[in-house]
Structure formats: C-alpha cells, structure tokens
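Content type mmCIF, C-alpha atoms, from the file query_22.cif:
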data_structure
#
loop_
_atom_site.group_PDB
_atom_site.id
_atom_site.type_symbol
_atom_site.label_atom_id
_atom_site.label_comp_id
_atom_site.auth_asym_id
_atom_site.auth_seq_id
_atom_site.Cartn_x
_atom_site.Cartn_y
_atom_site.Cartn_z
ATOM 1 C CA MET A 1 -2.609 2.586 -13.742
ATOM 2 C CA ILE A 2 0.056 -0.084 -13.893
ATOM 3 C CA ARG A 3 3.717 -0.030 -12.907
ATOM 4 C CA SER A 4 4.942 0.897 -16.408
ATOM 5 C CA GLU A 5 2.509 3.832 -16.600
ATOM 6 C CA LEU A 6 3.714 5.092 -13.245
ATOM 7 C CA ILE A 7 7.306 4.849 -14.504
ATOM 8 C CA ALA A 8 6.349 6.683 -17.707
ATOM 9 C CA LYS A 9 4.779 9.570 -15.736
ATOM 10 C CA ILE A 10 7.801 9.963 -13.481
ATOM 11 C CA SER A 11 10.126 9.829 -16.511
ATOM 12 C CA GLU A 12 8.142 12.561 -18.252
ATOM 13 C CA GLU A 13 8.515 14.837 -15.256
ATOM 14 C CA ASN A 14 12.221 14.111 -14.927
ATOM 15 C CA PRO A 15 13.709 14.363 -18.420
ATOM 16 C CA HIS A 16 17.215 14.526 -16.910
ATOM 17 C CA LEU A 17 16.920 10.928 -15.619
ATOM 18 C CA PHE A 18 17.432 7.808 -17.700
ATOM 19 C CA GLN A 19 14.334 5.650 -17.948
ATOM 20 C CA ARG A 20 16.294 2.745 -16.452
ATOM 21 C CA ASP A 21 17.046 4.871 -13.385
ATOM 22 C CA VAL A 22 13.376 5.739 -12.992
ATOM 23 C CA GLU A 23 12.561 2.030 -13.228
ATOM 24 C CA LYS A 24 15.113 1.357 -10.540
ATOM 25 C CA ILE A 25 13.700 4.120 -8.327
ATOM 26 C CA VAL A 26 10.133 2.846 -8.580
ATOM 27 C CA ASN A 27 11.182 -0.780 -8.110
ATOM 28 C CA THR A 28 13.349 0.128 -5.105
ATOM 29 C CA ILE A 29 10.413 1.822 -3.380
ATOM 30 C CA PHE A 30 8.113 -1.191 -3.719
ATOM 31 C CA GLU A 31 10.870 -3.668 -2.919
ATOM 32 C CA GLU A 32 11.753 -1.739 0.224
ATOM 33 C CA ILE A 33 8.132 -1.951 1.410
ATOM 34 C CA VAL A 34 7.880 -5.696 0.763
ATOM 35 C CA SER A 35 11.177 -6.466 2.480
ATOM 36 C CA ALA A 36 10.203 -4.366 5.504
ATOM 37 C CA LEU A 37 6.962 -6.349 5.843
ATOM 38 C CA ALA A 38 8.847 -9.618 5.377
ATOM 39 C CA ARG A 39 10.961 -8.595 8.417
ATOM 40 C CA GLY A 40 7.792 -7.843 10.351
ATOM 41 C CA ASP A 41 8.291 -4.058 10.151
ATOM 42 C CA ARG A 42 5.608 -1.466 9.433
ATOM 43 C CA VAL A 43 5.797 1.166 6.727
ATOM 44 C CA GLU A 44 3.985 4.379 7.515
ATOM 45 C CA LEU A 45 3.538 6.866 4.697
ATOM 46 C CA ARG A 46 1.666 9.829 6.172
ATOM 47 C CA GLY A 47 -1.164 11.057 3.997
ATOM 48 C CA PHE A 48 -1.061 7.929 1.829
ATOM 49 C CA GLY A 49 -1.409 5.017 4.221
ATOM 50 C CA ALA A 50 0.373 2.439 6.333
ATOM 51 C CA PHE A 51 1.435 -1.108 5.521
ATOM 52 C CA SER A 52 1.672 -3.564 8.384
ATOM 53 C CA VAL A 53 1.650 -7.282 9.105
ATOM 54 C CA LYS A 54 -1.257 -8.983 10.834
ATOM 55 C CA ARG A 55 -1.207 -12.383 12.441
ATOM 56 C CA ARG A 56 -3.939 -14.847 11.558
ATOM 57 C CA ASP A 57 -4.426 -17.532 14.207
ATOM 58 C CA ALA A 58 -4.364 -21.213 13.358
ATOM 59 C CA ARG A 59 -7.851 -22.484 12.598
ATOM 60 C CA THR A 60 -9.704 -25.462 11.278
ATOM 61 C CA GLY A 61 -10.823 -24.670 7.775
ATOM 62 C CA ARG A 62 -12.887 -26.638 5.368
ATOM 63 C CA ASN A 63 -12.295 -27.689 1.835
ATOM 64 C CA PRO A 64 -15.261 -25.933 0.226
ATOM 65 C CA ARG A 65 -15.611 -28.655 -2.368
ATOM 66 C CA THR A 66 -15.502 -31.742 -0.185
ATOM 67 C CA GLY A 67 -16.481 -30.264 3.180
ATOM 68 C CA GLU A 68 -13.454 -32.013 4.671
ATOM 69 C CA ALA A 69 -11.868 -30.338 7.729
ATOM 70 C CA VAL A 70 -8.291 -29.111 7.231
ATOM 71 C CA ASP A 71 -5.922 -27.583 9.764
ATOM 72 C CA VAL A 72 -4.717 -24.143 8.714
ATOM 73 C CA ASP A 73 -1.545 -23.020 10.482
ATOM 74 C CA GLU A 74 -1.067 -19.610 12.026
ATOM 75 C CA LYS A 75 0.178 -17.189 9.393
ATOM 76 C CA HIS A 76 1.083 -13.560 8.805
ATOM 77 C CA VAL A 77 -0.573 -11.452 6.139
ATOM 78 C CA PRO A 78 0.108 -7.960 4.757
ATOM 79 C CA PHE A 79 -2.396 -5.245 5.644
ATOM 80 C CA PHE A 80 -2.914 -1.708 4.338
ATOM 81 C CA LYS A 81 -4.753 1.092 6.076
ATOM 82 C CA THR A 82 -5.548 4.172 4.008
ATOM 83 C CA GLY A 83 -4.195 7.459 5.356
ATOM 84 C CA LYS A 84 -6.538 10.241 6.402
ATOM 85 C CA LEU A 85 -5.543 12.671 3.682
ATOM 86 C CA LEU A 86 -6.071 10.146 0.890
ATOM 87 C CA ARG A 87 -9.334 8.926 2.438
ATOM 88 C CA ASP A 88 -10.587 12.518 2.504
ATOM 89 C CA ARG A 89 -9.426 13.187 -1.043
ATOM 90 C CA LEU A 90 -11.269 10.077 -2.272
ATOM 91 C CA ASN A 91 -14.394 11.668 -0.902
ATOM 92 C CA GLY A 92 -13.871 15.035 -2.484
ATOM 93 C CA GLU A 93 -12.461 16.836 0.523
ATOM 94 C CA GLU A 94 -9.418 18.540 -0.894
ATOM 95 C CA SER A 95 -7.207 20.077 1.732
ATOM 96 C CA MET B 25 9.319 -9.614 14.407
ATOM 97 C CA THR B 26 11.445 -6.537 14.851
ATOM 98 C CA ASN B 27 8.562 -4.044 14.903
ATOM 99 C CA ASN B 28 10.367 -1.086 13.446
ATOM 100 C CA THR B 29 8.440 1.526 11.544
ATOM 101 C CA LEU B 30 9.793 2.740 8.238
ATOM 102 C CA THR B 31 8.828 6.127 6.850
ATOM 103 C CA ARG B 32 9.299 8.124 3.656
ATOM 104 C CA MET B 33 12.794 8.849 4.905
ATOM 105 C CA ASP B 34 13.766 5.171 4.805
ATOM 106 C CA LEU B 35 12.364 4.814 1.304
ATOM 107 C CA SER B 36 14.289 7.833 0.051
ATOM 108 C CA GLU B 37 17.417 6.542 1.776
ATOM 109 C CA ALA B 38 17.009 3.282 -0.182
ATOM 110 C CA VAL B 39 16.607 5.224 -3.448
ATOM 111 C CA PHE B 40 19.666 7.306 -2.554
ATOM 112 C CA ARG B 41 21.667 4.117 -1.884
ATOM 113 C CA GLU B 42 20.455 2.153 -4.906
ATOM 114 C CA VAL B 43 20.341 4.822 -7.565
ATOM 115 C CA GLY B 44 22.885 7.364 -6.390
ATOM 116 C CA LEU B 45 20.790 10.529 -6.707
ATOM 117 C CA SER B 46 21.093 13.222 -4.049
ATOM 118 C CA ARG B 47 19.150 12.680 -0.828
ATOM 119 C CA ASN B 48 17.002 15.638 -1.675
ATOM 120 C CA GLU B 49 16.097 14.412 -5.148
ATOM 121 C CA SER B 50 15.508 10.876 -3.840
ATOM 122 C CA ALA B 51 13.002 12.267 -1.353
ATOM 123 C CA GLN B 52 11.228 14.228 -4.080
ATOM 124 C CA LEU B 53 10.936 11.130 -6.258
ATOM 125 C CA VAL B 54 9.434 9.049 -3.443
ATOM 126 C CA GLU B 55 6.917 11.839 -2.898
ATOM 127 C CA SER B 56 6.099 12.029 -6.582
ATOM 128 C CA VAL B 57 5.495 8.253 -6.814
ATOM 129 C CA LEU B 58 3.019 8.465 -3.907
ATOM 130 C CA GLN B 59 1.431 11.557 -5.426
ATOM 131 C CA HIS B 60 0.851 9.920 -8.823
ATOM 132 C CA MET B 61 -0.629 6.838 -7.216
ATOM 133 C CA SER B 62 -2.923 8.968 -5.045
ATOM 134 C CA ASP B 63 -4.039 11.104 -7.992
ATOM 135 C CA ALA B 64 -4.910 8.032 -10.057
ATOM 136 C CA LEU B 65 -6.931 6.587 -7.168
ATOM 137 C CA VAL B 66 -8.743 9.870 -6.548
ATOM 138 C CA ALA B 67 -9.621 9.866 -10.273
ATOM 139 C CA GLY B 68 -11.228 6.467 -9.646
ATOM 140 C CA GLU B 69 -8.520 4.414 -11.351
ATOM 141 C CA THR B 70 -7.227 1.091 -10.082
ATOM 142 C CA VAL B 71 -3.482 1.072 -9.426
ATOM 143 C CA LYS B 72 -1.954 -2.288 -10.188
ATOM 144 C CA ILE B 73 1.695 -2.817 -9.333
ATOM 145 C CA SER B 74 2.854 -6.235 -10.487
ATOM 146 C CA SER B 75 4.460 -8.428 -7.807
ATOM 147 C CA PHE B 76 3.372 -5.836 -5.201
ATOM 148 C CA GLY B 77 -0.397 -5.555 -5.198
ATOM 149 C CA THR B 78 -3.513 -3.790 -6.425
ATOM 150 C CA PHE B 79 -5.145 -0.697 -4.960
ATOM 151 C CA SER B 80 -8.748 -0.245 -5.935
ATOM 152 C CA VAL B 81 -11.482 2.188 -5.062
ATOM 153 C CA ARG B 82 -14.827 0.815 -3.952
ATOM 154 C CA GLU B 83 -18.111 2.653 -3.647
ATOM 155 C CA LYS B 84 -19.942 2.107 -0.394
ATOM 156 C CA ALA B 85 -23.679 2.684 -0.352
ATOM 157 C CA SER B 86 -25.290 4.852 2.284
ATOM 158 C CA ARG B 87 -26.618 3.014 5.306
ATOM 159 C CA MET B 88 -27.959 3.634 8.765
ATOM 160 C CA GLY B 89 -25.337 3.379 11.450
ATOM 161 C CA ARG B 90 -25.627 3.664 15.181
ATOM 162 C CA ASN B 91 -23.695 5.716 17.648
ATOM 163 C CA PRO B 92 -22.358 2.926 19.856
ATOM 164 C CA LYS B 93 -22.292 5.177 22.897
ATOM 165 C CA THR B 94 -25.799 6.614 22.726
ATOM 166 C CA GLY B 95 -27.521 3.975 20.580
ATOM 167 C CA GLU B 96 -28.804 6.789 18.411
ATOM 168 C CA GLU B 97 -29.316 6.015 14.697
ATOM 169 C CA VAL B 98 -27.233 8.136 12.369
ATOM 170 C CA PRO B 99 -27.201 8.084 8.569
ATOM 171 C CA ILE B 100 -23.822 7.192 7.027
ATOM 172 C CA SER B 101 -23.466 8.889 3.677
ATOM 173 C CA PRO B 102 -22.231 7.019 0.588
ATOM 174 C CA ARG B 103 -18.457 7.130 0.365
ATOM 175 C CA ARG B 104 -15.483 5.787 -1.524
ATOM 176 C CA VAL B 105 -13.000 3.541 0.219
ATOM 177 C CA LEU B 106 -9.633 2.242 -0.875
ATOM 178 C CA SER B 107 -8.824 -1.420 -0.707
ATOM 179 C CA PHE B 108 -5.437 -3.034 -1.159
ATOM 180 C CA ARG B 109 -5.033 -6.583 -2.355
ATOM 181 C CA PRO B 110 -1.463 -7.847 -1.920
ATOM 182 C CA SER B 111 0.060 -9.911 -4.733
ATOM 183 C CA HIS B 112 0.812 -13.592 -4.195
ATOM 184 C CA LEU B 113 4.478 -12.762 -4.136
ATOM 185 C CA MET B 114 4.011 -10.230 -1.324
ATOM 186 C CA LYS B 115 1.789 -12.623 0.639
ATOM 187 C CA ASP B 116 4.334 -15.419 0.300
ATOM 188 C CA ARG B 117 7.272 -13.238 1.311
ATOM 189 C CA VAL B 118 5.401 -11.856 4.316
ATOM 190 C CA ALA B 119 4.236 -15.320 5.384
ATOM 191 C CA ASP B 120 7.703 -16.858 4.960
ATOM 192 C CA GLY B 121 9.555 -13.946 6.551
ATOM 193 C CA ASN B 122 7.364 -13.990 9.665
ATOM 194 C CA ALA B 123 7.053 -17.754 10.032
#

Represent the supplied structure as structure tokens.
Amino acid sequence: MIRSELIAKISEENPHLFQRDVEKIVNTIFEEIVSALARGDRVELRGFGAFSVKRRDARTGRNPRTGEAVDVDEKHVPFFKTGKLLRDRLNGEES
Amino acid sequence: MTNNTLTRMDLSEAVFREVGLSRNESAQLVESVLQHMSDALVAGETVKISSFGTFSVREKASRMGRNPKTGEEVPISPRRVLSFRPSHLMKDRVADGNA
C-alpha cells in the first residue's frame, strides 16, 4: 500500500470530503509525526506503535571499500516500536 | 530535546487545525488512517509512505530460546514482526532537529 492508495481508501469511506481535503488530512498526520521527532518528542499511538528518537554515539567507522577509518559523529535516528495489539494481530491473535 | 509525548489526540488536533473538520471527525479520520495501515500490514502488505518511511512485515523462523532466569531452553514459535525503515527525509530531519 502506498500513500495514494491510503488516500483513495479514506476518500471512498468519506464521500462527503473532497479528495484534496483527504490528502491534506493524511499528509498532516505524517508531517505531525516527523516534526515531533525532529523536536525530539515521542509519538505514542496505542495499539499501533510508538515513534521515538534514539541517540547513536560517535564512533570510528570504516569505509567498507578502502578500509580507511572515518570518524562518525554522534547522531539521532528515528525508531519505531510496534504496539502490542498490532503485534498480536500480525500473528493471528485477533482481540 | 523536549521529551514530550504526542498521542492520537495531538494528531487529531493538527487535522482539526489544518483542515477545519470537527474535532470528533478529525479523531475518527486519524483512527481510520491507522486502521487501514494496520489492516494492510496484517494482510502481509508493505506500507510505503513516501517521504515518511516503509513498514514491512518479516517472517521470523522458529528457534530455540532460553529463559534467561532459569537457563531453561524454550522453543520460540515462528512469528511475523513489523519493521519500519524511515525515509531519508525523515532521517535527515530527525538528525538535523536533534543536532
């Protein structure tokens, strides 16, 4: 499923909304999550999962091609943990 | 880092603000987006949201695990796990925002 298919499904279920509003709704949701993470906030969506930011310490990496050592700075990366309900549903435990 | 936690309520508030639907309908739409994504994943589909990231379902084989407390061997049954791969755009914004 891609973004446009998600928008199409929501539009189908909400014939009273303009497609451009549905696009805006879907885009707002994802944008809100990314900007929260960019501020260092968490986003917890019970049953679905939680998005958070993890810190990766500075390390000495290697250029895999040349074997040369390179310093990699500390950085922050997005992380997603699946919620319990979705994890159970993936394994056939409907509740 | 501010370390706030956003919930469904904050997402529906953003939809309410940006799109101008009622709070109630905004909340329902947030729920329905999550529901459609979940249903697709449960059906084994990959969910790919451009400039956000990709959720995919991976099959894990069965293996022997160990109860760390008792050291006892226990079989772990095959299961499906969800993995999320953030887009480059998300990675860059998160890295830059928390630098």

### Task
Could you please select, counting all atoms listed in the file, the residues of chain B within 8 Å of chain A and state them as a PyMOL selection string?
chain B and resi 25-32+35-36+38-39+42-43+53-54+56-58+60-62+64-66+69-74+76+103-108+110+114-115+117-123

Restricting the output to C-alpha atoms, write the selected residues as a PDB file, in the frame of the given file.
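Output (part26.pdb):
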ATOM      1  CA  MET B  25       9.319  -9.614  14.407  1.00  0.00           C
ATOM      2  CA  THR B  26      11.445  -6.537  14.851  1.00  0.00           C
ATOM      3  CA  ASN B  27       8.562  -4.044  14.903  1.00  0.00           C
ATOM      4  CA  ASN B  28      10.367  -1.086  13.446  1.00  0.00           C
ATOM      5  CA  THR B  29       8.440   1.526  11.544  1.00  0.00           C
ATOM      6  CA  LEU B  30       9.793   2.740   8.238  1.00  0.00           C
ATOM      7  CA  THR B  31       8.828   6.127   6.850  1.00  0.00           C
ATOM      8  CA  ARG B  32       9.299   8.124   3.656  1.00  0.00           C
ATOM      9  CA  LEU B  35      12.364   4.814   1.304  1.00  0.00           C
ATOM     10  CA  SER B  36      14.289   7.833   0.051  1.00  0.00           C
ATOM     11  CA  ALA B  38      17.009   3.282  -0.182  1.00  0.00           C
ATOM     12  CA  VAL B  39      16.607   5.224  -3.448  1.00  0.00           C
ATOM     13  CA  GLU B  42      20.455   2.153  -4.906  1.00  0.00           C
ATOM     14  CA  VAL B  43      20.341   4.822  -7.565  1.00  0.00           C
ATOM     15  CA  LEU B  53      10.936  11.130  -6.258  1.00  0.00           C
ATOM     16  CA  VAL B  54       9.434   9.049  -3.443  1.00  0.00           C
ATOM     17  CA  SER B  56       6.099  12.029  -6.582  1.00  0.00           C
ATOM     18  CA  VAL B  57       5.495   8.253  -6.814  1.00  0.00           C
ATOM     19  CA  LEU B  58       3.019   8.465  -3.907  1.00  0.00           C
ATOM     20  CA  HIS B  60       0.851   9.920  -8.823  1.00  0.00           C
ATOM     21  CA  MET B  61      -0.629   6.838  -7.216  1.00  0.00           C
ATOM     22  CA  SER B  62      -2.923   8.968  -5.045  1.00  0.00           C
ATOM     23  CA  ALA B  64      -4.910   8.032 -10.057  1.00  0.00           C
ATOM     24  CA  LEU B  65      -6.931   6.587  -7.168  1.00  0.00           C
ATOM     25  CA  VAL B  66      -8.743   9.870  -6.548  1.00  0.00           C
ATOM     26  CA  GLU B  69      -8.520   4.414 -11.351  1.00  0.00           C
ATOM     27  CA  THR B  70      -7.227   1.091 -10.082  1.00  0.00           C
ATOM     28  CA  VAL B  71      -3.482   1.072  -9.426  1.00  0.00           C
ATOM     29  CA  LYS B  72      -1.954  -2.288 -10.188  1.00  0.00           C
ATOM     30  CA  ILE B  73       1.695  -2.817  -9.333  1.00  0.00           C
ATOM     31  CA  SER B  74       2.854  -6.235 -10.487  1.00  0.00           C
ATOM     32  CA  PHE B  76       3.372  -5.836  -5.201  1.00  0.00           C
ATOM     33  CA  ARG B 103     -18.457   7.130   0.365  1.00  0.00           C
ATOM     34  CA  ARG B 104     -15.483   5.787  -1.524  1.00  0.00           C
ATOM     35  CA  VAL B 105     -13.000   3.541   0.219  1.00  0.00           C
ATOM     36  CA  LEU B 106      -9.633   2.242  -0.875  1.00  0.00           C
ATOM     37  CA  SER B 107      -8.824  -1.420  -0.707  1.00  0.00           C
ATOM     38  CA  PHE B 108      -5.437  -3.034  -1.159  1.00  0.00           C
ATOM     39  CA  PRO B 110      -1.463  -7.847  -1.920  1.00  0.00           C
ATOM     40  CA  MET B 114       4.011 -10.230  -1.324  1.00  0.00           C
ATOM     41  CA  LYS B 115       1.789 -12.623   0.639  1.00  0.00           C
ATOM     42  CA  ARG B 117       7.272 -13.238   1.311  1.00  0.00           C
ATOM     43  CA  VAL B 118       5.401 -11.856   4.316  1.00  0.00           C
ATOM     44  CA  ALA B 119       4.236 -15.320   5.384  1.00  0.00           C
ATOM     45  CA  ASP B 120       7.703 -16.858   4.960  1.00  0.00           C
ATOM     46  CA  GLY B 121       9.555 -13.946   6.551  1.00  0.00           C
ATOM     47  CA  ASN B 122       7.364 -13.990   9.665  1.00  0.00           C
ATOM     48  CA  ALA B 123       7.053 -17.754  10.032  1.00  0.00           C
TER      49      ALA B 123
END

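A straight line drawn from CA of Val70 in chain A to CA of Thr78 in chain B is 29.2 Å long.
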
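Between CA of Ile100 in chain B and CA of Met88 in chain B the interatomic distance comes to 5.7 Å.
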
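CA of Ala8 in chain A to CA of Glu23 in chain A spans 9.0 Å [interatomic distance, one decimal].
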